[in-house]
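Dropping coords.cif in here (mmCIF, C-alpha atoms and all ligand atoms):
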data_run
loop_
_atom_site.group_PDB
_atom_site.id
_atom_site.type_symbol
_atom_site.label_atom_id
_atom_site.label_comp_id
_atom_site.auth_asym_id
_atom_site.auth_seq_id
_atom_site.Cartn_x
_atom_site.Cartn_y
_atom_site.Cartn_z
ATOM 1 C CA MET Z 7 0.000 0.000 0.000
ATOM 2 C CA THR Z 8 1.143 3.491 -0.644
ATOM 3 C CA PRO Z 9 1.567 5.698 2.384
ATOM 4 C CA PRO Z 10 -1.597 7.515 3.325
ATOM 5 C CA PRO Z 11 -1.836 11.092 2.189
ATOM 6 C CA THR Z 12 -1.605 13.950 4.578
ATOM 7 C CA PRO Z 13 -5.152 14.779 5.570
ATOM 8 C CA PRO Z 14 -6.289 18.226 4.590
ATOM 9 C CA ARG Z 15 -6.769 20.748 7.301
ATOM 10 C CA ALA Z 16 -9.869 22.388 5.901
ATOM 11 C CA PRO Z 17 -13.023 22.038 7.988
ATOM 12 C CA ARG Z 18 -14.664 18.811 7.044
ATOM 13 C CA ARG Z 19 -16.891 17.716 9.834
ATOM 14 C CA GLY Z 20 -20.465 17.228 8.947
ATOM 15 C CA ARG Z 21 -19.633 16.665 5.328
ATOM 16 C CA ARG Z 22 -22.632 15.185 3.632
ATOM 17 C CA LEU Z 23 -23.233 13.142 0.565
ATOM 18 C CA ARG Z 24 -21.820 14.867 -2.458
ATOM 19 C CA VAL Z 25 -23.767 12.957 -5.087
ATOM 20 C CA PRO Z 26 -27.368 11.835 -5.445
ATOM 21 C CA ALA Z 27 -26.885 9.295 -2.749
ATOM 22 C CA ALA Z 28 -29.608 6.790 -3.334
ATOM 23 C CA VAL Z 29 -28.782 6.423 -7.002
ATOM 24 C CA ALA Z 30 -25.049 6.221 -6.577
ATOM 25 C CA LEU Z 31 -25.201 3.819 -3.694
ATOM 26 C CA ALA Z 32 -27.668 1.520 -5.351
ATOM 27 C CA VAL Z 33 -25.463 1.284 -8.411
ATOM 28 C CA ALA Z 34 -22.333 0.759 -6.358
ATOM 29 C CA LEU Z 35 -23.833 -1.962 -4.239
ATOM 30 C CA THR Z 36 -25.432 -3.771 -7.105
ATOM 31 C CA ALA Z 37 -22.220 -3.742 -9.036
ATOM 32 C CA THR Z 38 -19.661 -4.624 -6.425
ATOM 33 C CA GLY Z 39 -20.989 -4.997 -2.920
ATOM 34 C CA VAL Z 40 -21.693 -8.685 -2.761
ATOM 35 C CA SER Z 41 -18.778 -9.829 -4.842
ATOM 36 C CA THR Z 42 -16.396 -7.833 -2.688
ATOM 37 C CA ALA Z 43 -17.926 -9.189 0.460
ATOM 38 C CA LEU Z 44 -17.366 -12.671 -0.838
ATOM 39 C CA GLY Z 45 -13.738 -11.921 -1.429
ATOM 40 C CA ALA Z 46 -13.817 -11.836 -5.206
ATOM 41 C CA ASP Z 47 -11.182 -9.507 -6.578
ATOM 42 C CA PRO Z 48 -10.859 -7.487 -3.391
ATOM 43 C CA GLY Z 49 -8.043 -5.462 -4.878
ATOM 44 C CA ALA Z 50 -10.258 -3.983 -7.554
ATOM 45 C CA ARG Z 51 -11.636 -1.429 -5.185
ATOM 46 C CA LEU Z 52 -8.228 -0.176 -4.229
ATOM 47 C CA VAL Z 53 -7.832 1.602 -7.536
ATOM 48 C CA GLY Z 54 -7.680 5.239 -6.647
ATOM 49 C CA ALA Z 55 -8.410 4.412 -3.051
ATOM 50 C CA ALA Z 56 -5.543 6.444 -1.664
ATOM 51 C CA ALA Z 57 -6.928 9.663 -3.060
ATOM 52 C CA ALA Z 58 -6.173 12.771 -1.098
ATOM 53 C CA ASP Z 59 -8.926 14.473 0.832
ATOM 54 C CA CYS Z 60 -11.801 12.657 2.390
ATOM 55 C CA GLY Z 61 -12.847 10.409 -0.447
ATOM 56 C CA THR Z 62 -15.938 8.931 1.090
ATOM 57 C CA ASP Z 63 -19.644 9.549 0.819
ATOM 58 C CA GLY Z 64 -20.013 9.468 4.587
ATOM 59 C CA PHE Z 65 -17.653 11.382 6.823
ATOM 60 C CA CYS Z 66 -14.021 11.586 7.835
ATOM 61 C CA GLU Z 67 -12.331 12.557 11.044
ATOM 62 C CA ASP Z 68 -8.703 13.466 11.628
ATOM 63 C CA PHE Z 69 -9.214 15.188 15.017
ATOM 64 C CA GLU Z 70 -7.330 18.251 13.796
ATOM 65 C CA GLU Z 71 -10.255 20.632 14.224
ATOM 66 C CA MET Z 72 -10.505 20.007 17.953
ATOM 67 C CA ASP Z 73 -8.879 22.081 20.641
ATOM 68 C CA GLY Z 74 -7.361 19.092 22.413
ATOM 69 C CA GLY Z 75 -8.633 17.659 25.610
ATOM 70 C CA ALA Z 76 -12.180 16.394 25.410
ATOM 71 C CA PRO Z 77 -13.355 15.016 22.048
ATOM 72 C CA ALA Z 78 -15.716 17.413 20.307
ATOM 73 C CA GLY Z 79 -17.688 17.888 17.135
ATOM 74 C CA ARG Z 80 -19.773 14.882 16.265
ATOM 75 C CA TRP Z 81 -18.077 12.776 18.921
ATOM 76 C CA GLY Z 82 -19.065 12.240 22.511
ATOM 77 C CA VAL Z 83 -17.663 10.183 25.362
ATOM 78 C CA GLU Z 84 -19.820 7.206 26.281
ATOM 79 C CA THR Z 85 -19.642 4.764 29.150
ATOM 80 C CA ARG Z 86 -22.639 2.449 29.081
ATOM 81 C CA ASP Z 87 -23.901 1.093 32.416
ATOM 82 C CA CYS Z 88 -21.006 2.298 34.537
ATOM 83 C CA SER Z 89 -17.788 4.272 34.405
ATOM 84 C CA GLY Z 90 -14.393 4.151 36.048
ATOM 85 C CA THR Z 91 -10.821 5.109 35.288
ATOM 86 C CA GLY Z 92 -10.835 4.940 31.483
ATOM 87 C CA THR Z 93 -10.249 8.296 29.803
ATOM 88 C CA ALA Z 94 -10.668 9.715 26.308
ATOM 89 C CA THR Z 95 -8.810 12.809 25.133
ATOM 90 C CA VAL Z 96 -7.423 14.370 21.976
ATOM 91 C CA ASP Z 97 -3.674 14.896 22.036
ATOM 92 C CA THR Z 98 -0.584 15.142 19.827
ATOM 93 C CA GLU Z 99 1.570 12.498 21.466
ATOM 94 C CA ALA Z 100 1.183 9.943 18.698
ATOM 95 C CA GLY Z 101 -0.938 11.572 15.997
ATOM 96 C CA ARG Z 102 -0.212 10.638 12.431
ATOM 97 C CA ASP Z 103 1.754 13.293 10.568
ATOM 98 C CA GLY Z 104 2.426 14.927 13.888
ATOM 99 C CA GLY Z 105 -1.141 15.994 14.304
ATOM 100 C CA GLN Z 106 -3.809 15.243 16.806
ATOM 101 C CA ALA Z 107 -5.380 11.876 17.447
ATOM 102 C CA LEU Z 108 -7.969 10.430 19.731
ATOM 103 C CA ARG Z 109 -6.289 8.938 22.763
ATOM 104 C CA ILE Z 110 -7.862 6.263 24.928
ATOM 105 C CA ASP Z 111 -6.373 5.273 28.250
ATOM 106 C CA GLY Z 112 -8.093 2.029 29.011
ATOM 107 C CA ALA Z 113 -7.858 0.034 32.193
ATOM 108 C CA ASP Z 114 -8.634 -3.475 33.388
ATOM 109 C CA GLY Z 115 -12.235 -4.309 34.082
ATOM 110 C CA TYR Z 116 -15.548 -3.638 32.409
ATOM 111 C CA CYS Z 117 -16.510 -0.495 34.290
ATOM 112 C CA ASN Z 118 -13.209 1.155 33.447
ATOM 113 C CA HIS Z 119 -14.315 1.148 29.834
ATOM 114 C CA VAL Z 120 -14.597 4.299 27.769
ATOM 115 C CA PHE Z 121 -15.682 4.942 24.207
ATOM 116 C CA VAL Z 122 -15.906 7.966 21.980
ATOM 117 C CA GLY Z 123 -18.883 7.568 19.738
ATOM 118 C CA THR Z 124 -20.769 9.140 16.902
ATOM 119 C CA GLU Z 125 -24.105 8.375 15.353
ATOM 120 C CA LEU Z 126 -24.241 7.163 11.781
ATOM 121 C CA ALA Z 127 -27.446 8.952 10.786
ATOM 122 C CA ASP Z 128 -25.656 10.711 7.905
ATOM 123 C CA VAL Z 129 -24.380 7.461 6.410
ATOM 124 C CA ASP Z 130 -26.655 5.284 4.313
ATOM 125 C CA THR Z 131 -25.728 2.175 6.261
ATOM 126 C CA GLU Z 132 -28.486 0.143 4.641
ATOM 127 C CA ALA Z 133 -26.449 0.340 1.458
ATOM 128 C CA GLY Z 134 -23.465 -1.232 3.176
ATOM 129 C CA LEU Z 135 -21.010 0.283 5.589
ATOM 130 C CA TYR Z 136 -17.285 0.683 5.155
ATOM 131 C CA VAL Z 137 -15.157 1.910 8.038
ATOM 132 C CA ARG Z 138 -11.463 2.700 7.791
ATOM 133 C CA PHE Z 139 -9.426 3.811 10.798
ATOM 134 C CA TRP Z 140 -5.825 3.929 11.898
ATOM 135 C CA VAL Z 141 -4.932 2.699 15.343
ATOM 136 C CA ARG Z 142 -1.764 2.619 17.390
ATOM 137 C CA HIS Z 143 -1.427 1.095 20.834
ATOM 138 C CA THR Z 144 1.143 0.372 23.502
ATOM 139 C CA THR Z 145 0.290 -3.071 24.880
ATOM 140 C CA GLU Z 146 -0.145 -6.369 23.116
ATOM 141 C CA LEU Z 147 -3.665 -7.712 23.008
ATOM 142 C CA PRO Z 148 -4.214 -9.984 25.995
ATOM 143 C CA GLN Z 149 -5.424 -13.547 26.040
ATOM 144 C CA GLN Z 150 -8.759 -12.509 27.444
ATOM 145 C CA HIS Z 151 -11.454 -10.790 25.478
ATOM 146 C CA VAL Z 152 -11.210 -7.049 24.914
ATOM 147 C CA THR Z 153 -13.092 -4.592 22.706
ATOM 148 C CA PHE Z 154 -11.773 -1.438 21.054
ATOM 149 C CA LEU Z 155 -14.598 -0.703 18.621
ATOM 150 C CA ALA Z 156 -18.317 -1.190 19.078
ATOM 151 C CA MET Z 157 -21.465 -0.508 17.118
ATOM 152 C CA GLU Z 158 -24.985 -0.612 18.484
ATOM 153 C CA ASP Z 159 -27.088 -3.026 16.465
ATOM 154 C CA VAL Z 160 -30.751 -2.054 16.656
ATOM 155 C CA ALA Z 161 -31.664 -5.270 14.846
ATOM 156 C CA ASP Z 162 -30.143 -7.232 17.729
ATOM 157 C CA ASN Z 163 -31.898 -5.637 20.709
ATOM 158 C CA SER Z 164 -29.344 -2.819 20.623
ATOM 159 C CA ARG Z 165 -26.568 -5.144 21.662
ATOM 160 C CA ASP Z 166 -23.157 -4.361 20.246
ATOM 161 C CA LEU Z 167 -21.184 -5.710 17.385
ATOM 162 C CA ARG Z 168 -17.656 -5.504 18.743
ATOM 163 C CA MET Z 169 -14.182 -5.516 17.259
ATOM 164 C CA GLY Z 170 -11.331 -6.276 19.594
ATOM 165 C CA GLY Z 171 -9.083 -9.090 20.566
ATOM 166 C CA GLN Z 172 -8.915 -12.469 22.207
ATOM 167 C CA ASN Z 173 -6.082 -14.950 22.506
ATOM 168 C CA ALA Z 174 -3.766 -12.092 21.545
ATOM 169 C CA ALA Z 175 -5.276 -11.674 18.075
ATOM 170 C CA LEU Z 176 -7.934 -9.509 16.483
ATOM 171 C CA GLN Z 177 -11.480 -10.758 16.618
ATOM 172 C CA TRP Z 178 -15.083 -9.754 16.137
ATOM 173 C CA ASN Z 179 -17.597 -10.522 18.861
ATOM 174 C CA ARG Z 180 -21.377 -10.420 18.809
ATOM 175 C CA GLU Z 181 -22.470 -9.289 22.232
ATOM 176 C CA SER Z 182 -25.908 -10.884 22.132
ATOM 177 C CA ASP Z 183 -24.681 -14.472 21.936
ATOM 178 C CA ASP Z 184 -20.910 -14.043 22.403
ATOM 179 C CA ALA Z 185 -20.198 -15.563 19.007
ATOM 180 C CA THR Z 186 -16.659 -14.851 17.873
ATOM 181 C CA LEU Z 187 -14.999 -14.400 14.529
ATOM 182 C CA PRO Z 188 -12.806 -16.290 14.043
ATOM 183 C CA GLU Z 189 -13.743 -19.199 16.284
ATOM 184 C CA GLN Z 190 -11.303 -19.206 19.170
ATOM 185 C CA SER Z 191 -9.690 -22.525 18.301
ATOM 186 C CA PRO Z 192 -5.932 -22.403 17.754
ATOM 187 C CA ALA Z 193 -6.514 -22.867 14.038
ATOM 188 C CA GLY Z 194 -9.045 -20.067 14.002
ATOM 189 C CA VAL Z 195 -6.899 -17.651 15.966
ATOM 190 C CA ALA Z 196 -4.014 -18.365 13.596
ATOM 191 C CA LEU Z 197 -6.154 -17.034 10.753
ATOM 192 C CA SER Z 198 -6.386 -13.662 12.443
ATOM 193 C CA GLU Z 199 -3.641 -11.142 13.176
ATOM 194 C CA PRO Z 200 -2.126 -9.701 16.317
ATOM 195 C CA LEU Z 201 -2.270 -5.933 16.595
ATOM 196 C CA PRO Z 202 1.362 -4.782 16.664
ATOM 197 C CA VAL Z 203 2.339 -2.193 19.234
ATOM 198 C CA ASP Z 204 3.930 1.225 18.801
ATOM 199 C CA GLU Z 205 3.095 1.531 15.115
ATOM 200 C CA TRP Z 206 0.141 2.810 13.194
ATOM 201 C CA VAL Z 207 -2.003 0.087 11.680
ATOM 202 C CA CYS Z 208 -4.769 0.586 9.129
ATOM 203 C CA LEU Z 209 -7.881 -1.437 9.841
ATOM 204 C CA GLU Z 210 -10.854 -1.522 7.499
ATOM 205 C CA TYR Z 211 -14.071 -3.439 7.446
ATOM 206 C CA GLN Z 212 -17.176 -3.776 5.405
ATOM 207 C CA LEU Z 213 -20.444 -4.595 7.105
ATOM 208 C CA ASP Z 214 -23.156 -5.666 4.701
ATOM 209 C CA GLY Z 215 -26.088 -5.736 7.062
ATOM 210 C CA ALA Z 216 -28.725 -6.694 4.540
ATOM 211 C CA ASN Z 217 -26.872 -9.880 3.703
ATOM 212 C CA GLY Z 218 -25.252 -10.461 7.085
ATOM 213 C CA LEU Z 219 -21.719 -10.271 5.730
ATOM 214 C CA LEU Z 220 -18.539 -8.878 7.235
ATOM 215 C CA GLU Z 221 -15.057 -8.465 5.798
ATOM 216 C CA THR Z 222 -11.918 -7.063 7.419
ATOM 217 C CA TRP Z 223 -8.607 -5.759 6.112
ATOM 218 C CA PHE Z 224 -5.320 -5.249 7.959
ATOM 219 C CA ASN Z 225 -3.019 -2.722 6.275
ATOM 220 C CA GLY Z 226 -4.951 -3.288 3.085
ATOM 221 C CA GLU Z 227 -4.855 -7.079 3.137
ATOM 222 C CA GLN Z 228 -7.904 -9.193 3.825
ATOM 223 C CA VAL Z 229 -7.735 -11.130 7.092
ATOM 224 C CA VAL Z 230 -9.231 -14.510 6.249
ATOM 225 C CA GLY Z 231 -10.129 -15.220 9.862
ATOM 226 C CA LEU Z 232 -12.201 -12.047 10.030
ATOM 227 C CA VAL Z 233 -14.606 -12.707 7.179
ATOM 228 C CA VAL Z 234 -18.262 -13.712 7.375
ATOM 229 C CA ASP Z 235 -19.097 -14.667 3.817
ATOM 230 C CA GLY Z 236 -22.351 -16.525 4.334
ATOM 231 C CA VAL Z 237 -20.810 -19.977 3.924
ATOM 232 C CA PRO Z 238 -19.920 -21.586 7.276
ATOM 233 C CA THR Z 239 -16.177 -22.195 7.453
ATOM 234 C CA HIS Z 240 -14.797 -24.338 10.261
ATOM 235 C CA ASP Z 241 -12.579 -22.313 12.623
ATOM 236 C CA VAL Z 242 -13.719 -19.054 11.000
ATOM 237 C CA ASP Z 243 -17.400 -18.138 10.646
ATOM 238 C CA GLY Z 244 -19.027 -21.459 11.479
ATOM 239 C CA GLN Z 245 -20.052 -20.403 14.974
ATOM 240 C CA TRP Z 246 -21.082 -16.955 13.746
ATOM 241 C CA LEU Z 247 -23.391 -18.393 11.126
ATOM 242 C CA ASN Z 248 -25.057 -20.761 13.565
ATOM 243 C CA ARG Z 249 -27.438 -17.861 13.866
ATOM 244 C CA ALA Z 250 -28.860 -17.705 10.388
ATOM 245 C CA ASP Z 251 -30.836 -14.508 10.714
ATOM 246 C CA TRP Z 252 -28.018 -12.115 11.570
ATOM 247 C CA ALA Z 253 -28.797 -8.894 9.696
ATOM 248 C CA PRO Z 254 -27.234 -6.062 11.660
ATOM 249 C CA GLU Z 255 -28.472 -2.489 11.528
ATOM 250 C CA VAL Z 256 -25.800 -0.469 13.264
ATOM 251 C CA VAL Z 257 -26.561 3.097 14.278
ATOM 252 C CA ASP Z 258 -23.339 4.294 15.828
ATOM 253 C CA LEU Z 259 -19.584 3.879 15.816
ATOM 254 C CA ARG Z 260 -17.618 3.904 19.051
ATOM 255 C CA LEU Z 261 -13.859 3.751 19.450
ATOM 256 C CA GLY Z 262 -12.329 3.091 22.819
ATOM 257 C CA TRP Z 263 -11.493 0.279 25.167
ATOM 258 C CA GLU Z 264 -13.404 -2.280 27.152
ATOM 259 C CA SER Z 265 -12.023 -5.346 28.869
ATOM 260 C CA TYR Z 266 -13.889 -8.105 30.634
ATOM 261 C CA GLY Z 267 -11.112 -9.410 32.833
ATOM 262 C CA GLU Z 268 -7.531 -8.534 32.127
ATOM 263 C CA GLY Z 269 -6.615 -5.907 29.611
ATOM 264 C CA ALA Z 270 -5.238 -2.405 29.986
ATOM 265 C CA ASP Z 271 -3.974 -0.466 27.013
ATOM 266 C CA THR Z 272 -3.319 3.014 25.681
ATOM 267 C CA LEU Z 273 -4.551 3.520 22.148
ATOM 268 C CA TRP Z 274 -4.677 6.299 19.580
ATOM 269 C CA TYR Z 275 -7.114 6.502 16.696
ATOM 270 C CA ASP Z 276 -6.776 8.769 13.702
ATOM 271 C CA ASP Z 277 -7.880 9.362 10.111
ATOM 272 C CA ILE Z 278 -11.242 7.675 10.265
ATOM 273 C CA ALA Z 279 -13.267 7.344 7.075
ATOM 274 C CA VAL Z 280 -16.833 6.073 7.098
ATOM 275 C CA GLY Z 281 -18.992 5.590 4.040
ATOM 276 C CA THR Z 282 -20.586 3.127 1.690
ATOM 277 C CA THR Z 283 -17.601 2.364 -0.492
ATOM 278 C CA ARG Z 284 -14.110 1.291 0.421
ATOM 279 C CA THR Z 285 -11.715 4.140 1.101
ATOM 280 C CA GLY Z 286 -8.506 2.141 1.457
ATOM 281 C CA CYS Z 287 -5.474 3.030 3.489
HETATM 282 CA CA CA X 1 -4.925 13.524 13.106
HETATM 283 CA CA CA X 2 -17.089 -18.683 5.572
#
Mind converting the file's structure to structure tokens?
Ligand SMILES: [Ca+2]
Ligand SMILES: [Ca+2]
Amino acid sequence: MTPPPTPPRAPRRGRRLRVPAAVALAVALTATGVSTALGADPGARLVGAAAADCGTDGFCEDFEEMDGGAPAGRWGVETRDCSGTGTATVDTEAGRDGGQALRIDGADGYCNHVFVGTELADVDTEAGLYVRFWVRHTTELPQQHVTFLAMEDVADNSRDLRMGGQNAALQWNRESDDATLPEQSPAGVALSEPLPVDEWVCLEYQLDGANGLLETWFNGEQVVGLVVDGVPTHDVDGQWLNRADWAPEVVDLRLGWESYGEGADTLWYDDIAVGTTRTGC
């Protein structure tokens, strides 16, 4: 992958769809959505993906427009059920290109969780959702389950779809039934990736709610253990697809940290792009 471009500094928050959205999205999804979700020619969408500026039909966030300290703009700090020592701030300690980034200081234990979230009302998530973000952290993922990204799924009693780690590798977790992707067998975990420390990593995913599909990329490369393609694969999405009616409708995006036993970490997030087509790294 080519290095990411320097994000522009012009005000960009609240950017809305630039094209007749329904038409463009319908065409895009019909043409490429399912085939991409199934892993066919995933590189095709990378053509032109590294364009400068915020090349998405949803929104971008580089945290440069904030004053530092508390997250602002479309983002708010959220601690569901209880709160503790976890903190969320915007600082320049690790920001990409020397700029600002969202910093999460996460601690052991559920109630020390903290997330910074935004609603997705301005993204046509029914047409398929693509999220790209860069993350950097200081501590290897623990053996026990942790979450660093969550989305409220209103089609699943508002329980979360969660991205995080378990057995020291990246995983997806469905809060409602604790299904994991990949399955947490040694063979399944080996099909995922650890999240390296002290370097920026580009994570991307596509969530095709209508078809119950999920695909994940690590620095531009598909992670085969993090794909729900509709066909049960032993060690990967077999457990996930035991529930045949999974059709998520996510309404928010939250970045942060939540652990359920062990797991403390300091993380930075930057250069987020959310939309209905793949942005790339
Ligand atoms: Ca930044
Ligand atoms: Ca499969």
Residues within 9 Å of Ser265 in chain Z, only C-alpha atoms, excluding chain neighbours under 4 positions, as an mmCIF file with C-alpha atoms, in the frame of the given file:
data_model
loop_
_atom_site.group_PDB
_atom_site.id
_atom_site.type_symbol
_atom_site.label_atom_id
_atom_site.label_comp_id
_atom_site.auth_asym_id
_atom_site.auth_seq_id
_atom_site.Cartn_x
_atom_site.Cartn_y
_atom_site.Cartn_z
ATOM 1 C CA GLY Z 112 -8.093 2.029 29.011
ATOM 2 C CA ALA Z 113 -7.858 0.034 32.193
ATOM 3 C CA ASP Z 114 -8.634 -3.475 33.388
ATOM 4 C CA GLY Z 115 -12.235 -4.309 34.082
ATOM 5 C CA TYR Z 116 -15.548 -3.638 32.409
ATOM 6 C CA CYS Z 117 -16.510 -0.495 34.290
ATOM 7 C CA ASN Z 118 -13.209 1.155 33.447
ATOM 8 C CA HIS Z 119 -14.315 1.148 29.834
ATOM 9 C CA GLN Z 150 -8.759 -12.509 27.444
ATOM 10 C CA HIS Z 151 -11.454 -10.790 25.478
ATOM 11 C CA VAL Z 152 -11.210 -7.049 24.914
ATOM 12 C CA THR Z 153 -13.092 -4.592 22.706
ATOM 13 C CA PHE Z 154 -11.773 -1.438 21.054
ATOM 14 C CA GLY Z 269 -6.615 -5.907 29.611
ATOM 15 C CA ALA Z 270 -5.238 -2.405 29.986
#
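When all atoms listed in the file are used to compute distances to Glu268 in chain Z, the closest of the residues Z:Asp183, Z:Asp159, Z:Glu210, Z:Glu146 turns out to be Z:Glu146.
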* Asked: How would you write, as number ranges by chain, the set of residues no farther than 12 Å from ligand CA 2 (chain X) when counting all atoms listed in the file?
  -> Z: 43-45, 187-189, 194, 218-221, 230-248
For chain Z against ligand CA 1 (chain X), with a cut-off of 8 Å and counting all atoms listed in the file, what is the closest atom pair and its distance in Å to one decimal for every residue that makes the cut, ordered by chain and number, as a Markdown table?
| residue | atom | partner | partner_atom | distance |
| --- | --- | --- | --- | --- |
| Z:Pro13 | CA | X:CA1 | CA | 7.6 |
| Z:Glu67 | CA | X:CA1 | CA | 7.7 |
| Z:Asp68 | CA | X:CA1 | CA | 4.1 |
| Z:Phe69 | CA | X:CA1 | CA | 5.0 |
| Z:Glu70 | CA | X:CA1 | CA | 5.3 |
| Z:Gly101 | CA | X:CA1 | CA | 5.3 |
| Z:Arg102 | CA | X:CA1 | CA | 5.6 |
| Z:Asp103 | CA | X:CA1 | CA | 7.1 |
| Z:Gly104 | CA | X:CA1 | CA | 7.5 |
| Z:Gly105 | CA | X:CA1 | CA | 4.7 |
| Z:Gln106 | CA | X:CA1 | CA | 4.2 |
| Z:Ala107 | CA | X:CA1 | CA | 4.7 |
| Z:Leu108 | CA | X:CA1 | CA | 7.9 |
| Z:Asp276 | CA | X:CA1 | CA | 5.1 |
| Z:Asp277 | CA | X:CA1 | CA | 5.9 |
Centre, edges in Å (one decimal): axis-aligned box, range 149-157 of chain Z, 4 Å padding on all six sides, as JSON:
{"center_x": -13.4, "center_y": -7.0, "center_z": 22.3, "size_x": 24.0, "size_y": 21.0, "size_z": 18.3}
* Structure fact -> For Thr91 in chain Z, the closest of Z:Ser191, Z:Ile110, Z:Cys287, Z:Val229 counting only C-alpha atoms is Z:Ile110
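Comparing the minimum interatomic distances between Thr283 in chain Z and each of Z:Phe121, Z:Trp81, Z:Trp206, Z:Tyr211, counting only C-alpha atoms, we find that Z:Tyr211 sits nearest.
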* Structure fact -> With distances taken over only C-alpha atoms, the candidate from Z:Asp214, Z:Asp251, Z:Glu205, Z:Glu84 nearest Gly134 in chain Z is Z:Asp214
* To do: Tell me which of Z:Gly286, Z:Pro254, Z:Pro200, Z:Gly215 sits closest to Ser182 in chain Z, counting all atoms listed in the file.
  => Z:Pro254
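Closest approach to Glu181 in chain Z among Z:Ala94, Z:Val195, Z:Leu209, Z:Ala156 is made by Z:Ala156 (distances from only C-alpha atoms).
For the pair CA of Asp166 in chain Z and CA of Phe139 in chain Z, the separation is 18.6 Å.
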* **Sphere at (-22.2, 3.3, 17.5), radius 7 Å, counting all atoms listed in the file: residues as an NGL selection string** => :Z and (123-125 or 156-158 or 256-260)
* To do: Kindly give the distance, in Å, that separates CA of Gly61 in chain Z and CA of Thr282 in chain Z, rounded to a single decimal.
  => 10.8 Å
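For the pair CA of Met169 in chain Z and CA of Asp73 in chain Z, the interatomic distance is 28.3 Å.
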